file target.txt (compact mmCIF, N, CA and C atoms)
# COMPACT_ATOMS: atom_id res chain seq x y z
N MET J 514 20.34 43.84 -18.97
CA MET J 514 20.39 43.01 -17.79
C MET J 514 18.97 42.82 -17.27
N LYS J 515 18.67 41.55 -16.84
CA LYS J 515 17.34 41.22 -16.30
C LYS J 515 17.26 41.64 -14.85
N LYS J 516 16.06 42.02 -14.46
CA LYS J 516 15.80 42.33 -13.05
C LYS J 516 15.71 41.03 -12.28
N ALA J 517 16.00 41.11 -10.97
CA ALA J 517 15.93 39.92 -10.10
C ALA J 517 14.54 39.31 -10.14
N ARG J 518 13.51 40.15 -10.20
CA ARG J 518 12.13 39.68 -10.25
C ARG J 518 11.92 38.79 -11.49
N ASP J 519 12.42 39.22 -12.63
CA ASP J 519 12.26 38.47 -13.87
C ASP J 519 13.01 37.14 -13.83
N VAL J 520 14.19 37.14 -13.22
CA VAL J 520 14.97 35.91 -13.08
C VAL J 520 14.22 34.93 -12.19
N LEU J 521 13.68 35.43 -11.07
CA LEU J 521 12.93 34.55 -10.16
C LEU J 521 11.70 33.97 -10.84
N ILE J 522 11.00 34.77 -11.60
CA ILE J 522 9.82 34.28 -12.32
C ILE J 522 10.23 33.20 -13.31
N ASP J 523 11.34 33.43 -14.02
CA ASP J 523 11.83 32.42 -14.97
C ASP J 523 12.14 31.10 -14.27
N VAL J 524 12.88 31.18 -13.15
CA VAL J 524 13.30 29.98 -12.41
C VAL J 524 12.11 29.31 -11.74
N LEU J 525 11.37 30.07 -10.94
CA LEU J 525 10.25 29.48 -10.20
C LEU J 525 9.11 29.07 -11.11
N GLY J 526 8.92 29.79 -12.19
CA GLY J 526 7.89 29.41 -13.15
C GLY J 526 8.18 28.04 -13.73
N GLY J 527 9.43 27.77 -14.04
CA GLY J 527 9.83 26.45 -14.55
C GLY J 527 9.61 25.36 -13.53
N ILE J 528 9.94 25.65 -12.29
CA ILE J 528 9.75 24.66 -11.21
C ILE J 528 8.27 24.36 -11.05
N HIS J 529 7.46 25.42 -11.09
CA HIS J 529 6.02 25.25 -10.94
C HIS J 529 5.46 24.37 -12.06
N LEU J 530 5.86 24.65 -13.30
CA LEU J 530 5.38 23.85 -14.43
C LEU J 530 5.85 22.40 -14.32
N GLU J 531 7.10 22.20 -13.91
CA GLU J 531 7.64 20.85 -13.74
C GLU J 531 6.87 20.12 -12.64
N GLY J 532 6.61 20.82 -11.55
CA GLY J 532 5.84 20.22 -10.44
C GLY J 532 4.45 19.81 -10.89
N GLU J 533 3.80 20.67 -11.68
CA GLU J 533 2.47 20.34 -12.19
C GLU J 533 2.51 19.10 -13.08
N MET J 534 3.58 18.97 -13.87
CA MET J 534 3.73 17.82 -14.75
C MET J 534 3.83 16.52 -13.92
N TYR J 535 4.63 16.56 -12.84
CA TYR J 535 4.77 15.38 -11.99
C TYR J 535 3.44 15.05 -11.32
N VAL J 536 2.76 16.06 -10.81
CA VAL J 536 1.46 15.84 -10.17
C VAL J 536 0.49 15.23 -11.18
N SER J 537 0.48 15.77 -12.38
CA SER J 537 -0.40 15.25 -13.43
C SER J 537 -0.06 13.79 -13.74
N PHE J 538 1.23 13.48 -13.81
CA PHE J 538 1.65 12.10 -14.08
C PHE J 538 1.18 11.16 -12.97
N PHE J 539 1.44 11.53 -11.72
CA PHE J 539 1.05 10.68 -10.59
C PHE J 539 -0.47 10.51 -10.55
N ASN J 540 -1.20 11.57 -10.87
CA ASN J 540 -2.67 11.49 -10.88
C ASN J 540 -3.19 10.67 -12.06
N SER J 541 -2.39 10.50 -13.09
CA SER J 541 -2.79 9.73 -14.28
C SER J 541 -2.39 8.27 -14.20
N TRP J 542 -1.79 7.86 -13.11
CA TRP J 542 -1.28 6.49 -12.99
C TRP J 542 -2.38 5.46 -13.27
N ASN J 543 -3.59 5.72 -12.81
CA ASN J 543 -4.71 4.80 -13.04
C ASN J 543 -4.96 4.61 -14.54
N LYS J 544 -4.90 5.70 -15.32
CA LYS J 544 -5.10 5.62 -16.77
C LYS J 544 -3.94 4.90 -17.45
N ILE J 545 -2.74 5.14 -16.97
CA ILE J 545 -1.55 4.55 -17.59
C ILE J 545 -1.46 3.06 -17.32
N ALA J 546 -1.59 2.66 -16.06
CA ALA J 546 -1.36 1.27 -15.67
C ALA J 546 -2.63 0.43 -15.63
N GLY J 547 -3.78 1.08 -15.52
CA GLY J 547 -5.03 0.34 -15.37
C GLY J 547 -5.41 0.25 -13.91
N THR J 548 -6.68 0.02 -13.67
CA THR J 548 -7.22 0.02 -12.31
C THR J 548 -6.59 -1.04 -11.43
N ASP J 549 -6.46 -2.27 -11.94
CA ASP J 549 -5.92 -3.36 -11.11
C ASP J 549 -4.51 -3.04 -10.62
N ILE J 550 -3.64 -2.68 -11.54
CA ILE J 550 -2.25 -2.40 -11.16
C ILE J 550 -2.19 -1.16 -10.27
N SER J 551 -2.92 -0.12 -10.61
CA SER J 551 -2.84 1.11 -9.82
C SER J 551 -3.38 0.91 -8.40
N ASN J 552 -4.33 -0.01 -8.22
CA ASN J 552 -4.85 -0.29 -6.88
C ASN J 552 -3.86 -1.05 -6.00
N HIS J 553 -2.88 -1.69 -6.63
CA HIS J 553 -1.93 -2.51 -5.87
C HIS J 553 -0.50 -1.99 -5.95
N SER J 554 -0.35 -0.77 -6.49
CA SER J 554 0.99 -0.19 -6.60
C SER J 554 0.95 1.26 -6.14
N ARG J 555 2.13 1.74 -5.78
CA ARG J 555 2.27 3.13 -5.35
C ARG J 555 3.55 3.68 -5.94
N LEU J 556 3.42 4.75 -6.73
CA LEU J 556 4.61 5.37 -7.32
C LEU J 556 5.36 6.10 -6.21
N THR J 557 6.67 5.90 -6.16
CA THR J 557 7.44 6.51 -5.08
C THR J 557 8.42 7.58 -5.56
N ASP J 558 8.91 7.45 -6.80
CA ASP J 558 9.92 8.42 -7.24
C ASP J 558 10.17 8.27 -8.74
N ILE J 559 10.73 9.33 -9.31
CA ILE J 559 11.25 9.30 -10.68
C ILE J 559 12.64 9.90 -10.60
N LYS J 560 13.65 9.10 -10.94
CA LYS J 560 15.05 9.57 -10.91
C LYS J 560 15.78 9.05 -12.12
N ASN J 561 16.49 9.94 -12.79
CA ASN J 561 17.33 9.56 -13.93
C ASN J 561 16.59 8.70 -14.94
N GLY J 562 15.34 9.04 -15.22
CA GLY J 562 14.57 8.32 -16.21
C GLY J 562 14.01 6.99 -15.74
N ILE J 563 14.08 6.73 -14.46
CA ILE J 563 13.58 5.48 -13.90
C ILE J 563 12.41 5.78 -12.97
N LEU J 564 11.31 5.08 -13.20
CA LEU J 564 10.12 5.20 -12.37
C LEU J 564 10.20 4.13 -11.29
N TYR J 565 10.15 4.55 -10.03
CA TYR J 565 10.21 3.62 -8.90
C TYR J 565 8.81 3.46 -8.32
N MET J 566 8.47 2.21 -8.00
CA MET J 566 7.16 1.96 -7.40
C MET J 566 7.22 0.80 -6.43
N GLU J 567 6.25 0.77 -5.53
CA GLU J 567 6.09 -0.33 -4.58
C GLU J 567 4.78 -1.03 -4.89
N VAL J 568 4.76 -2.33 -4.66
CA VAL J 568 3.53 -3.11 -4.82
C VAL J 568 3.25 -3.85 -3.52
N ASP J 569 1.99 -4.25 -3.34
CA ASP J 569 1.60 -4.86 -2.07
C ASP J 569 1.68 -6.39 -2.04
N HIS J 570 2.07 -7.00 -3.17
CA HIS J 570 2.19 -8.46 -3.22
C HIS J 570 3.18 -8.83 -4.33
N PRO J 571 3.98 -9.87 -4.12
CA PRO J 571 4.98 -10.25 -5.13
C PRO J 571 4.38 -10.56 -6.50
N GLY J 572 3.15 -11.04 -6.55
CA GLY J 572 2.52 -11.36 -7.82
C GLY J 572 2.38 -10.15 -8.72
N TRP J 573 2.20 -8.97 -8.12
CA TRP J 573 2.06 -7.75 -8.91
C TRP J 573 3.37 -7.35 -9.57
N ILE J 574 4.48 -7.72 -8.96
CA ILE J 574 5.79 -7.45 -9.59
C ILE J 574 5.85 -8.17 -10.93
N GLN J 575 5.48 -9.43 -10.92
CA GLN J 575 5.52 -10.22 -12.15
C GLN J 575 4.56 -9.66 -13.19
N LEU J 576 3.34 -9.32 -12.78
CA LEU J 576 2.37 -8.79 -13.74
C LEU J 576 2.83 -7.48 -14.35
N ILE J 577 3.39 -6.60 -13.53
CA ILE J 577 3.88 -5.33 -14.06
C ILE J 577 5.06 -5.55 -14.99
N GLN J 578 5.93 -6.50 -14.66
CA GLN J 578 7.05 -6.82 -15.56
C GLN J 578 6.52 -7.28 -16.92
N LEU J 579 5.45 -8.07 -16.91
CA LEU J 579 4.87 -8.55 -18.17
C LEU J 579 4.25 -7.40 -18.98
N ARG J 580 3.75 -6.38 -18.30
CA ARG J 580 3.11 -5.24 -18.97
C ARG J 580 4.00 -4.01 -19.05
N LYS J 581 5.27 -4.19 -18.72
CA LYS J 581 6.23 -3.08 -18.65
C LYS J 581 6.30 -2.27 -19.95
N ARG J 582 6.44 -2.95 -21.08
CA ARG J 582 6.55 -2.25 -22.37
C ARG J 582 5.32 -1.39 -22.64
N GLU J 583 4.16 -1.96 -22.37
CA GLU J 583 2.90 -1.24 -22.58
C GLU J 583 2.82 -0.01 -21.67
N ILE J 584 3.19 -0.17 -20.43
CA ILE J 584 3.16 0.95 -19.46
C ILE J 584 4.14 2.03 -19.88
N LEU J 585 5.36 1.64 -20.27
CA LEU J 585 6.35 2.62 -20.71
C LEU J 585 5.89 3.35 -21.98
N LYS J 586 5.27 2.62 -22.89
CA LYS J 586 4.78 3.23 -24.13
C LYS J 586 3.72 4.29 -23.82
N LYS J 587 2.77 3.96 -22.95
CA LYS J 587 1.73 4.93 -22.57
C LYS J 587 2.34 6.13 -21.86
N THR J 588 3.31 5.86 -20.98
CA THR J 588 3.96 6.95 -20.24
C THR J 588 4.67 7.89 -21.20
N LYS J 589 5.44 7.32 -22.13
CA LYS J 589 6.17 8.15 -23.10
C LYS J 589 5.22 8.94 -24.00
N SER J 590 4.09 8.34 -24.31
CA SER J 590 3.11 9.00 -25.16
C SER J 590 2.42 10.16 -24.42
N MET J 591 2.06 9.94 -23.16
CA MET J 591 1.33 10.96 -22.40
C MET J 591 2.25 11.99 -21.76
N PHE J 592 3.46 11.57 -21.37
CA PHE J 592 4.39 12.45 -20.65
C PHE J 592 5.81 12.32 -21.22
N PRO J 593 6.01 12.68 -22.47
CA PRO J 593 7.35 12.51 -23.08
C PRO J 593 8.42 13.34 -22.37
N GLN J 594 8.04 14.48 -21.81
CA GLN J 594 9.02 15.35 -21.15
C GLN J 594 9.63 14.72 -19.90
N LEU J 595 8.98 13.70 -19.32
CA LEU J 595 9.55 13.01 -18.15
C LEU J 595 10.71 12.09 -18.54
N GLU J 596 10.75 11.68 -19.79
CA GLU J 596 11.82 10.82 -20.32
C GLU J 596 12.01 9.54 -19.50
N ILE J 597 10.91 8.91 -19.11
CA ILE J 597 10.98 7.66 -18.34
C ILE J 597 11.31 6.53 -19.31
N ARG J 598 12.38 5.79 -18.99
CA ARG J 598 12.82 4.72 -19.88
C ARG J 598 12.84 3.35 -19.22
N ASP J 599 12.58 3.31 -17.89
CA ASP J 599 12.59 2.02 -17.20
C ASP J 599 11.73 2.11 -15.94
N ILE J 600 11.37 0.94 -15.43
CA ILE J 600 10.56 0.85 -14.21
C ILE J 600 11.25 -0.10 -13.25
N ARG J 601 11.34 0.30 -12.00
CA ARG J 601 11.88 -0.56 -10.94
C ARG J 601 10.77 -0.78 -9.92
N ILE J 602 10.56 -2.04 -9.57
CA ILE J 602 9.43 -2.40 -8.71
C ILE J 602 9.97 -3.07 -7.45
N PHE J 603 9.43 -2.65 -6.32
CA PHE J 603 9.84 -3.20 -5.03
C PHE J 603 8.61 -3.64 -4.26
N LEU J 604 8.79 -4.63 -3.41
CA LEU J 604 7.71 -5.09 -2.55
C LEU J 604 7.59 -4.14 -1.37
N GLU J 605 6.38 -3.72 -1.10
CA GLU J 605 6.10 -2.79 0.00
C GLU J 605 6.46 -3.44 1.33
N LYS J 606 7.03 -2.65 2.22
CA LYS J 606 7.37 -3.14 3.55
C LYS J 606 6.16 -2.94 4.45
N HIS J 607 5.74 -4.03 5.10
CA HIS J 607 4.56 -3.96 5.98
C HIS J 607 4.98 -3.78 7.42
N LYS J 608 4.17 -3.01 8.14
CA LYS J 608 4.36 -2.86 9.57
C LYS J 608 3.46 -3.87 10.27
N LYS J 609 4.05 -4.69 11.13
CA LYS J 609 3.28 -5.75 11.76
C LYS J 609 2.88 -5.44 13.20
N ALA J 610 3.27 -4.30 13.74
CA ALA J 610 3.00 -4.00 15.14
C ALA J 610 1.51 -3.97 15.45
N ALA J 611 0.74 -3.30 14.65
CA ALA J 611 -0.69 -3.16 14.92
C ALA J 611 -1.41 -4.51 14.86
N PRO J 612 -1.22 -5.32 13.81
CA PRO J 612 -1.92 -6.60 13.78
C PRO J 612 -1.56 -7.51 14.95
N GLU J 613 -0.29 -7.49 15.39
CA GLU J 613 0.09 -8.33 16.52
C GLU J 613 -0.67 -7.91 17.76
N LYS J 614 -0.84 -6.62 17.94
CA LYS J 614 -1.57 -6.12 19.10
C LYS J 614 -3.02 -6.60 19.03
N ASP J 615 -3.63 -6.48 17.85
CA ASP J 615 -5.00 -6.94 17.68
C ASP J 615 -5.10 -8.43 17.93
N ASN J 616 -4.11 -9.21 17.42
CA ASN J 616 -4.12 -10.65 17.63
C ASN J 616 -4.00 -10.99 19.11
N LYS J 617 -3.19 -10.23 19.83
CA LYS J 617 -3.04 -10.46 21.28
C LYS J 617 -4.36 -10.19 21.97
N GLN J 618 -5.05 -9.13 21.59
CA GLN J 618 -6.35 -8.82 22.19
C GLN J 618 -7.35 -9.92 21.87
N ASP J 619 -7.33 -10.42 20.64
CA ASP J 619 -8.23 -11.51 20.26
C ASP J 619 -7.93 -12.75 21.08
N LYS J 620 -6.63 -13.05 21.27
CA LYS J 620 -6.23 -14.23 22.05
C LYS J 620 -6.69 -14.08 23.49
N ASP J 621 -6.48 -12.89 24.08
CA ASP J 621 -6.92 -12.64 25.46
C ASP J 621 -8.43 -12.83 25.58
N SER J 622 -9.15 -12.35 24.61
CA SER J 622 -10.61 -12.47 24.61
C SER J 622 -11.02 -13.94 24.54
N ARG J 623 -10.35 -14.71 23.68
CA ARG J 623 -10.66 -16.15 23.56
C ARG J 623 -10.32 -16.87 24.86
N ASP J 624 -9.19 -16.50 25.49
CA ASP J 624 -8.81 -17.11 26.77
C ASP J 624 -9.85 -16.83 27.84
N ASP J 625 -10.36 -15.60 27.89
CA ASP J 625 -11.40 -15.24 28.86
C ASP J 625 -12.67 -16.07 28.63
N GLU J 626 -13.05 -16.21 27.37
CA GLU J 626 -14.24 -17.00 27.05
C GLU J 626 -14.04 -18.46 27.46
N LYS J 627 -12.85 -18.99 27.22
CA LYS J 627 -12.56 -20.38 27.58
C LYS J 627 -12.64 -20.56 29.10
N LEU J 628 -12.11 -19.61 29.86
CA LEU J 628 -12.18 -19.69 31.32
C LEU J 628 -13.63 -19.67 31.80
N ARG J 629 -14.42 -18.77 31.23
CA ARG J 629 -15.84 -18.71 31.61
C ARG J 629 -16.54 -20.02 31.28
N PHE J 630 -16.26 -20.57 30.12
CA PHE J 630 -16.87 -21.82 29.70
C PHE J 630 -16.45 -22.96 30.63
N ASP J 631 -15.16 -23.00 30.97
CA ASP J 631 -14.66 -24.04 31.88
C ASP J 631 -15.35 -23.95 33.24
N LYS J 632 -15.56 -22.75 33.74
CA LYS J 632 -16.25 -22.56 35.04
C LYS J 632 -17.70 -23.04 34.95
N ILE J 633 -18.35 -22.74 33.84
CA ILE J 633 -19.73 -23.19 33.66
C ILE J 633 -19.79 -24.71 33.64
N LEU J 634 -18.86 -25.33 32.92
CA LEU J 634 -18.82 -26.80 32.87
C LEU J 634 -18.54 -27.39 34.25
N GLU J 635 -17.65 -26.76 34.99
CA GLU J 635 -17.32 -27.23 36.33
C GLU J 635 -18.56 -27.17 37.23
N ARG J 636 -19.30 -26.06 37.20
CA ARG J 636 -20.52 -25.94 38.01
C ARG J 636 -21.57 -26.96 37.58
N LEU J 637 -21.69 -27.16 36.27
CA LEU J 637 -22.64 -28.13 35.76
C LEU J 637 -22.26 -29.53 36.24
N GLY J 638 -20.97 -29.85 36.21
CA GLY J 638 -20.51 -31.15 36.69
C GLY J 638 -20.80 -31.34 38.17
N ARG J 639 -20.56 -30.32 38.97
CA ARG J 639 -20.87 -30.41 40.42
C ARG J 639 -22.36 -30.60 40.64
N SER J 640 -23.15 -29.87 39.87
CA SER J 640 -24.60 -29.97 40.00
C SER J 640 -25.08 -31.37 39.65
N ILE J 641 -24.55 -31.96 38.62
CA ILE J 641 -24.93 -33.31 38.21
C ILE J 641 -24.50 -34.30 39.29
N LYS J 642 -23.31 -34.11 39.84
CA LYS J 642 -22.79 -35.02 40.87
C LYS J 642 -23.70 -34.96 42.11
N LYS J 643 -24.14 -33.76 42.52
CA LYS J 643 -25.05 -33.62 43.67
C LYS J 643 -26.35 -34.32 43.40
N ASP J 644 -26.88 -34.14 42.18
CA ASP J 644 -28.14 -34.80 41.83
C ASP J 644 -27.99 -36.31 41.91
N ASP J 645 -26.85 -36.84 41.45
CA ASP J 645 -26.60 -38.28 41.49
C ASP J 645 -26.53 -38.77 42.93
N GLU J 646 -25.92 -37.96 43.83
CA GLU J 646 -25.77 -38.35 45.22
C GLU J 646 -27.12 -38.35 45.93
N LEU J 647 -28.02 -37.49 45.54
CA LEU J 647 -29.34 -37.40 46.17
C LEU J 647 -30.24 -38.56 45.73
N THR J 648 -30.01 -39.10 44.57
CA THR J 648 -30.87 -40.19 44.11
C THR J 648 -30.32 -41.54 44.40

call {"tool": "encode", "arguments": {"input": "target.txt", "output": "structure tokens"}}
result
Amino acid sequence: MKKARDVLIDVLGGIHLEGEMYVSFFNSWNKIAGTDISNHSRLTDIKNGILYMEVDHPGWIQLIQLRKREILKKTKSMFPQLEIRDIRIFLEKHKKAAPEKDNKQDKDSRDDEKLRFDKILERLGRSIKKDDELT
């Protein structure tokens, strides 16, 4: 009979090695997919032999689909134990709250500038009118 310590080492040792394999795979994404694709994609999960990823623009979905066989071949060659057989690609969801706030601040700033400019023009017009009245 095995001691509890030995059983835990067997179980946790396997988890540790599996975790290292996933980390190694995620860190190798640049080598597998290439710099362009890796800069515009983010791996999100591996489930049931399917690699899930998000991209930042719809055009990258098409490009990855065109290079899918090549990517899968490299993945199987470098990480056969992951048994990845397909890729699913999704468009990244963007948060728009921050840009809207920045745009509102920009609009407020432009409105302030326009008001200042309008006041300057108004004073200039009054000044010209006074000069005309004096002559």

call {"tool": "residues_around", "arguments": {"input": "target.txt", "residues": "Met591 (chain J)", "least_positions_apart": "5", "cutoff": "8 Å", "atoms": "all atoms listed in the file", "output": "VMD selection string"}}
result
chain J and resid 538 585 to 586

call {"tool": "write_last_selection", "arguments": {"input": "target.txt", "atoms": "N, CA and C atoms", "output": "PDB file, in the frame of the given file"}}
result
ATOM      1  N   PHE J 538       1.230  13.480 -13.810  1.00  0.00           N
ATOM      2  CA  PHE J 538       1.650  12.100 -14.080  1.00  0.00           C
ATOM      3  C   PHE J 538       1.180  11.160 -12.970  1.00  0.00           C
ATOM      4  N   LEU J 585       5.360   1.640 -20.270  1.00  0.00           N
ATOM      5  CA  LEU J 585       6.350   2.620 -20.710  1.00  0.00           C
ATOM      6  C   LEU J 585       5.890   3.350 -21.980  1.00  0.00           C
ATOM      7  N   LYS J 586       5.270   2.620 -22.890  1.00  0.00           N
ATOM      8  CA  LYS J 586       4.780   3.230 -24.130  1.00  0.00           C
ATOM      9  C   LYS J 586       3.720   4.290 -23.820  1.00  0.00           C
TER      10      LYS J 586
END

call {"tool": "closest_residue", "arguments": {"input": "target.txt", "among": "J:Asp569, J:Glu533, J:Arg639, J:Ser551", "to": "Phe603 (chain J)", "atoms": "all atoms listed in the file"}}
result
J:Asp569

call {"tool": "atom_distance", "arguments": {"input": "target.txt", "atom1": "CA of Ile559 (chain J)", "atom2": "atom N of Pro593 (chain J)"}}
result
13.3 Å

call {"tool": "closest_residue", "arguments": {"input": "target.txt", "among": "J:Tyr535, J:Leu579, J:Gly638, J:Lys632", "to": "Glu596 (chain J)", "atoms": "only C-alpha atoms"}}
result
J:Tyr535

call {"tool": "atom_distance", "arguments": {"input": "target.txt", "atom1": "CA of Trp573 (chain J)", "atom2": "CA of Thr588 (chain J)"}}
result
18.7 Å

call {"tool": "closest_residue", "arguments": {"input": "target.txt", "among": "J:Asp558, J:Glu583, J:Asp624, J:Asp631", "to": "Ile545 (chain J)", "atoms": "all atoms listed in the file"}}
result
J:Glu583

call {"tool": "atom_distance", "arguments": {"input": "target.txt", "atom1": "CA of Gly547 (chain J)", "atom2": "CA of Ile584 (chain J)"}}
result
9.2 Å

call {"tool": "closest_residue", "arguments": {"input": "target.txt", "among": "J:Leu628, J:Ile563, J:Leu556, J:Ile577", "to": "Glu605 (chain J)", "atoms": "only C-alpha atoms"}}
result
J:Leu556

call {"tool": "closest_residue", "arguments": {"input": "target.txt", "among": "J:Asp599, J:Trp542, J:Lys643, J:Arg580", "to": "Gly562 (chain J)", "atoms": "only N, CA and C atoms"}}
result
J:Asp599

call {"tool": "closest_residue", "arguments": {"input": "target.txt", "among": "J:Ile550, J:Leu576, J:Leu595, J:Met534", "to": "Leu564 (chain J)", "atoms": "only C-alpha atoms"}}
result
J:Leu595
